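Structure first, commentary second.
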There are 2 protein chains.
Amino acid sequence: MERHHFEDELKTLKNRLITMGGLVEERLHKAMASLIQGREDLAQRVIREDDQIDAFEIEIDDRCLKLLALQQPLASDLRLITSAMKICSEIERVGDKAASIARCSLTLIPQPPLKPLIDIPRMADMAQTLIHDALDAFVNRDAELARSILVRDRQVDELKDQLFRELLTYMMADPATIQRALQLIMISRHIERVADHATNIAEDVIFLVEATDVRHRGPSGGGDQ
Amino acid sequence: MERHHFEDELKTLKNRLITMGGLVEERLHKAMASLIQGREDLAQRVIREDDQIDAFEIEIDDRCLKLLALQQPLASDLRLITSAMKICSEIERVGDKAASIARCSLTLIPQPPLKPLIDIPRMADMAQTLIHDALDAFVNRDAELARSILVRDRQVDELKDQLFRELLTYMMADPATIQRALQLIMISRHIERVADHATNIAEDVIFLVEATDVRHRGPSGGGDQ
């Protein structure tokens, strides 16, 4: 494989990752819309269309393996390709979370709303932006943008904790709210996991750009709870 | 790097993964022991010692990158090394789950027990065995063992669902149990995630051995909820 062909292949690889990321963002958006607008059809579509994302992961992984085998890249290209493999599996898991949110939404839709949905859509917007920015940071090798994600992930965690305390109050005051409150807690945890995946991608980007390993050293290190 | 030196390096890589896996199993075991025996000291140790696992991930990743760069391996060696990178990040996340369980345990220990702990330790044993077997399957290139993990993961999911329904009944009957029941639900979800990580490793092993991509095709495909 010649150098310029290799460059083309790397460009295609990045484009496919971006396309996959766009698809996953759309799924998250649809899952949230199903919850907010009470639309079962949207939730069902999100659950049904998971295969599309899975096919992307297999394709991108395959591209990476071929590039590693045929081109035997060194240093920064090598890191680019191994990062792409990791990032692609993070994106796939975000797709899983969209399906999980859609399943919770299906449980909630037939029931009367527990409270106006304000914090959860806000959390979801934040998490979606984090995923978008993490992929932007990857494509543009933007370590600064990647670092900002590590900080913003904390804000999503805080919203999740705040919501948890609020929903706990509801449940204690009125057991009839327990089932719905539990579903909202689960949704908030799925969204938090989306933000965690964005953080994982951001850490890969910083490693890629600066060839230093920031994993487990950033403000966001140390796992979820 | 000569061939026999390369073989040695691959052997070391596998050994380091096994050591890391053993450490994570021990952490899971300690987190569960803290819960069952009401020992805060054990939980705190699990939370404190997360750095050890993180250091392993960085070391193993680094080994893999060096092997890819210096040896430029082909076909099955290439797959072995990229699999090792993926598996190592799965193990690290199992370590995070052990810390999450320990944090729930710290919340539960000062409170009177909600009910005798039977299902949760059983789930934890199952998940721990799955992680152990998944790593065994990797080292021995045992696709059959790996496939059995995809099936056994379903049993952990079923136990989790059953426990959820049971705890829901507690909460509805007596709001004083809500906080404790919620912690137990969270713990059961962390354990379920451990089993999911074992499944991810098993899928990597099958891909490694058979060079077919079983991801998203096994009985366990399609994400959690």
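Residues in the structure tokens are named by chain (A, B, ... in the order shown) and by number from 1 within that chain; ligands are numbered from 1 in the order shown.
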Mind fitting chain A onto chain B over all Cα atoms in sequence order and sending the result as a tab-separated table (two decimals) with C-alpha atoms, in the first residue's frame?
chain	number	residue	atom	x	y	z
A	1	MET	CA	13.18	-8.74	17.59
A	2	GLU	CA	13.71	-12.42	16.90
A	3	ARG	CA	10.92	-14.90	16.72
A	4	HIS	CA	11.68	-16.71	19.97
A	5	HIS	CA	12.02	-13.40	21.77
A	6	PHE	CA	8.66	-12.39	20.32
A	7	GLU	CA	7.13	-15.62	21.62
A	8	ASP	CA	8.52	-14.83	25.06
A	9	GLU	CA	7.00	-11.37	24.90
A	10	LEU	CA	3.60	-12.80	23.99
A	11	LYS	CA	3.85	-15.23	26.89
A	12	THR	CA	4.70	-12.38	29.27
A	13	LEU	CA	1.78	-10.39	27.90
A	14	LYS	CA	-0.62	-13.25	28.63
A	15	ASN	CA	0.85	-13.72	32.10
A	16	ARG	CA	0.42	-10.05	32.92
A	17	LEU	CA	-3.21	-10.19	31.81
A	18	ILE	CA	-3.79	-13.23	34.02
A	19	THR	CA	-2.14	-11.49	36.97
A	20	MET	CA	-4.30	-8.42	36.39
A	21	GLY	CA	-7.38	-10.67	36.17
A	22	GLY	CA	-6.44	-12.36	39.46
A	23	LEU	CA	-6.11	-8.98	41.13
A	24	VAL	CA	-9.53	-7.91	39.90
A	25	GLU	CA	-11.11	-11.18	41.04
A	26	GLU	CA	-9.62	-10.59	44.47
A	27	ARG	CA	-11.09	-7.09	44.54
A	28	LEU	CA	-14.53	-8.39	43.66
A	29	HIS	CA	-14.20	-11.01	46.35
A	30	LYS	CA	-13.17	-8.40	48.93
A	31	ALA	CA	-16.01	-6.04	47.94
A	32	MET	CA	-18.52	-8.85	48.44
A	33	ALA	CA	-16.91	-9.95	51.70
A	34	SER	CA	-17.17	-6.39	53.00
A	35	LEU	CA	-20.90	-6.47	52.26
A	36	ILE	CA	-21.54	-9.93	53.69
A	37	GLN	CA	-19.39	-9.55	56.79
A	38	GLY	CA	-20.17	-5.85	57.31
A	39	ARG	CA	-16.48	-4.93	57.15
A	40	GLU	CA	-15.91	-1.30	56.22
A	41	ASP	CA	-12.14	-1.78	56.23
A	42	LEU	CA	-12.35	-4.20	53.30
A	43	ALA	CA	-14.57	-1.86	51.29
A	44	GLN	CA	-12.22	1.02	51.90
A	45	ARG	CA	-9.25	-1.06	50.81
A	46	VAL	CA	-11.00	-1.97	47.54
A	47	ILE	CA	-11.69	1.72	46.85
A	48	ARG	CA	-8.18	2.79	47.77
A	49	GLU	CA	-6.37	0.13	45.75
A	50	ASP	CA	-7.96	0.97	42.40
A	51	ASP	CA	-4.69	2.57	41.27
A	52	GLN	CA	-3.02	-0.81	41.13
A	53	ILE	CA	-5.40	-2.01	38.42
A	54	ASP	CA	-5.06	1.24	36.52
A	55	ALA	CA	-1.28	0.87	36.47
A	56	PHE	CA	-1.71	-2.62	35.02
A	57	GLU	CA	-3.86	-1.31	32.19
A	58	ILE	CA	-1.29	1.30	31.25
A	59	GLU	CA	1.53	-1.24	31.37
A	60	ILE	CA	-0.27	-3.85	29.27
A	61	ASP	CA	-1.41	-1.32	26.71
A	62	ASP	CA	2.15	-0.13	26.42
A	63	ARG	CA	3.44	-3.67	25.92
A	64	CYS	CA	0.90	-4.18	23.14
A	65	LEU	CA	1.78	-0.96	21.34
A	66	LYS	CA	5.48	-1.83	21.50
A	67	LEU	CA	4.85	-5.32	20.15
A	68	LEU	CA	2.76	-3.90	17.31
A	69	ALA	CA	5.39	-1.31	16.45
A	70	LEU	CA	8.54	-3.41	16.79
A	71	GLN	CA	7.35	-6.77	15.61
A	72	GLN	CA	4.75	-5.74	13.05
A	73	PRO	CA	2.94	-9.02	13.56
A	74	LEU	CA	0.57	-10.55	11.08
A	75	ALA	CA	-2.68	-12.48	11.13
A	76	SER	CA	-3.14	-14.47	14.31
A	77	ASP	CA	-0.42	-12.67	16.33
A	78	LEU	CA	-1.89	-9.35	15.31
A	79	ARG	CA	-5.31	-10.45	16.51
A	80	LEU	CA	-3.81	-11.77	19.73
A	81	ILE	CA	-2.27	-8.39	20.54
A	82	THR	CA	-5.29	-6.26	19.61
A	83	SER	CA	-7.48	-8.68	21.62
A	84	ALA	CA	-5.17	-8.29	24.61
A	85	MET	CA	-5.63	-4.51	24.43
A	86	LYS	CA	-9.39	-4.88	24.43
A	87	ILE	CA	-9.46	-7.52	27.15
A	88	CYS	CA	-7.23	-5.44	29.37
A	89	SER	CA	-9.65	-2.52	29.22
A	90	GLU	CA	-12.54	-4.88	30.06
A	91	ILE	CA	-10.68	-6.14	33.13
A	92	GLU	CA	-9.96	-2.59	34.23
A	93	ARG	CA	-13.68	-1.85	34.13
A	94	VAL	CA	-14.42	-4.90	36.23
A	95	GLY	CA	-12.07	-3.35	38.78
A	96	ASP	CA	-14.18	-0.18	38.65
A	97	LYS	CA	-17.28	-2.26	39.36
A	98	ALA	CA	-15.62	-3.79	42.42
A	99	ALA	CA	-15.02	-0.26	43.70
A	100	SER	CA	-18.65	0.66	42.95
A	101	ILE	CA	-19.87	-2.37	44.91
A	102	ALA	CA	-17.57	-1.40	47.78
A	103	ARG	CA	-19.11	2.11	47.82
A	104	CYS	CA	-22.63	0.66	48.02
A	105	SER	CA	-21.43	-1.65	50.77
A	106	LEU	CA	-20.20	1.33	52.80
A	107	THR	CA	-23.69	2.84	52.58
A	108	LEU	CA	-25.34	-0.41	53.65
A	109	ILE	CA	-23.08	-1.53	56.48
A	110	PRO	CA	-24.30	0.98	59.13
A	111	GLN	CA	-27.94	0.04	58.46
A	112	PRO	CA	-29.83	-3.04	59.64
A	113	PRO	CA	-29.90	-5.74	56.93
A	114	LEU	CA	-32.97	-5.67	54.72
A	115	LYS	CA	-33.02	-9.42	54.16
A	116	PRO	CA	-30.56	-12.29	54.27
A	117	LEU	CA	-28.09	-11.91	51.41
A	118	ILE	CA	-28.50	-14.99	49.25
A	119	ASP	CA	-29.06	-14.01	45.63
A	120	ILE	CA	-26.46	-11.26	45.50
A	121	PRO	CA	-23.55	-13.42	46.70
A	122	ARG	CA	-24.72	-16.13	44.29
A	123	MET	CA	-24.79	-13.65	41.40
A	124	ALA	CA	-21.36	-12.37	42.39
A	125	ASP	CA	-19.92	-15.91	42.45
A	126	MET	CA	-21.32	-16.55	39.00
A	127	ALA	CA	-19.93	-13.31	37.60
A	128	GLN	CA	-16.52	-13.92	39.16
A	129	THR	CA	-16.38	-17.41	37.63
A	130	LEU	CA	-17.32	-15.94	34.27
A	131	ILE	CA	-14.39	-13.49	34.40
A	132	HIS	CA	-12.03	-16.26	35.46
A	133	ASP	CA	-13.23	-18.57	32.68
A	134	ALA	CA	-13.09	-15.79	30.09
A	135	LEU	CA	-9.42	-15.20	30.84
A	136	ASP	CA	-8.75	-18.95	30.85
A	137	ALA	CA	-10.42	-19.16	27.46
A	138	PHE	CA	-8.18	-16.36	26.20
A	139	VAL	CA	-4.94	-17.92	27.40
A	140	ASN	CA	-5.84	-21.41	26.17
A	141	ARG	CA	-7.54	-20.19	23.00
A	142	ASP	CA	-10.59	-22.19	24.08
A	143	ALA	CA	-13.54	-21.08	21.95
A	144	GLU	CA	-15.83	-23.68	23.47
A	145	LEU	CA	-15.31	-22.35	26.99
A	146	ALA	CA	-15.79	-18.83	25.62
A	147	ARG	CA	-19.11	-19.83	24.06
A	148	SER	CA	-20.36	-21.27	27.35
A	149	ILE	CA	-19.86	-17.82	28.89
A	150	LEU	CA	-22.31	-16.23	26.47
A	151	VAL	CA	-24.96	-18.65	27.73
A	152	ARG	CA	-24.12	-18.36	31.43
A	153	ASP	CA	-24.30	-14.55	31.24
A	154	ARG	CA	-28.04	-14.95	30.62
A	155	GLN	CA	-28.43	-16.69	33.98
A	156	VAL	CA	-26.88	-13.73	35.76
A	157	ASP	CA	-29.32	-11.44	33.94
A	158	GLU	CA	-32.24	-13.59	35.05
A	159	LEU	CA	-31.14	-13.53	38.69
A	160	LYS	CA	-30.82	-9.76	38.46
A	161	ASP	CA	-34.38	-9.38	37.11
A	162	GLN	CA	-35.77	-11.74	39.75
A	163	LEU	CA	-34.02	-9.81	42.53
A	164	PHE	CA	-35.28	-6.52	41.13
A	165	ARG	CA	-38.90	-7.70	41.31
A	166	GLU	CA	-38.38	-8.97	44.85
A	167	LEU	CA	-36.81	-5.73	46.06
A	168	LEU	CA	-39.57	-3.73	44.42
A	169	THR	CA	-42.08	-5.64	46.54
A	170	TYR	CA	-40.14	-4.73	49.68
A	171	MET	CA	-40.06	-1.05	48.75
A	172	MET	CA	-43.77	-0.87	47.94
A	173	ALA	CA	-44.69	-2.61	51.19
A	174	ASP	CA	-42.50	-0.46	53.41
A	175	PRO	CA	-40.94	2.87	52.35
A	176	ALA	CA	-38.43	2.53	55.19
A	177	THR	CA	-36.71	-0.12	53.08
A	178	ILE	CA	-36.33	2.05	49.97
A	179	GLN	CA	-32.81	3.32	50.50
A	180	ARG	CA	-31.41	-0.11	51.34
A	181	ALA	CA	-33.31	-1.81	48.53
A	182	LEU	CA	-31.97	0.75	46.06
A	183	GLN	CA	-28.40	0.03	47.11
A	184	LEU	CA	-29.00	-3.70	46.63
A	185	ILE	CA	-30.46	-3.03	43.18
A	186	MET	CA	-27.36	-0.99	42.29
A	187	ILE	CA	-25.08	-3.77	43.52
A	188	SER	CA	-26.94	-6.34	41.44
A	189	ARG	CA	-26.50	-4.11	38.39
A	190	HIS	CA	-22.80	-3.72	39.02
A	191	ILE	CA	-22.50	-7.50	39.22
A	192	GLU	CA	-24.47	-7.87	36.01
A	193	ARG	CA	-22.02	-5.46	34.34
A	194	VAL	CA	-19.15	-7.67	35.49
A	195	ALA	CA	-20.79	-10.60	33.72
A	196	ASP	CA	-21.23	-8.40	30.64
A	197	HIS	CA	-17.52	-7.66	30.64
A	198	ALA	CA	-16.85	-11.41	30.79
A	199	THR	CA	-19.12	-11.77	27.76
A	200	ASN	CA	-17.20	-9.07	25.90
A	201	ILE	CA	-13.94	-10.89	26.63
A	202	ALA	CA	-15.47	-14.19	25.52
A	203	GLU	CA	-16.53	-12.62	22.22
A	204	ASP	CA	-13.00	-11.35	21.68
A	205	VAL	CA	-11.66	-14.85	22.35
A	206	ILE	CA	-14.00	-16.45	19.83
A	207	PHE	CA	-12.96	-13.85	17.28
A	208	LEU	CA	-9.33	-14.51	18.09
A	209	VAL	CA	-9.62	-18.28	17.78
A	210	GLU	CA	-12.02	-18.57	14.91
A	211	ALA	CA	-11.38	-15.26	13.17
A	212	THR	CA	-15.12	-14.80	12.92
A	213	ASP	CA	-16.90	-11.93	14.53
A	214	VAL	CA	-19.54	-13.26	16.90
A	215	ARG	CA	-20.15	-9.92	18.49
A	216	HIS	CA	-23.82	-9.00	18.36
A	217	ARG	CA	-24.71	-12.42	17.06
A	218	GLY	CA	-24.52	-14.66	20.12
A	219	PRO	CA	-27.40	-15.44	22.46
A	220	SER	CA	-26.19	-12.56	24.57
A	221	GLY	CA	-26.12	-9.86	21.90
A	222	GLY	CA	-28.03	-6.66	22.06
A	223	GLY	CA	-26.96	-4.70	25.12
A	224	ASP	CA	-28.15	-4.53	28.68
A	225	GLN	CA	-31.12	-2.72	30.05
message: Among chain B, which residues does DSSP mark as alpha helix (DSSP H) when it is run on the backbone? Keep the chain and numbering as in the structure and answer as number ranges by chain.
response: B: 3-37, 40-48, 50-71, 75-108, 119-139, 143-173, 178-210
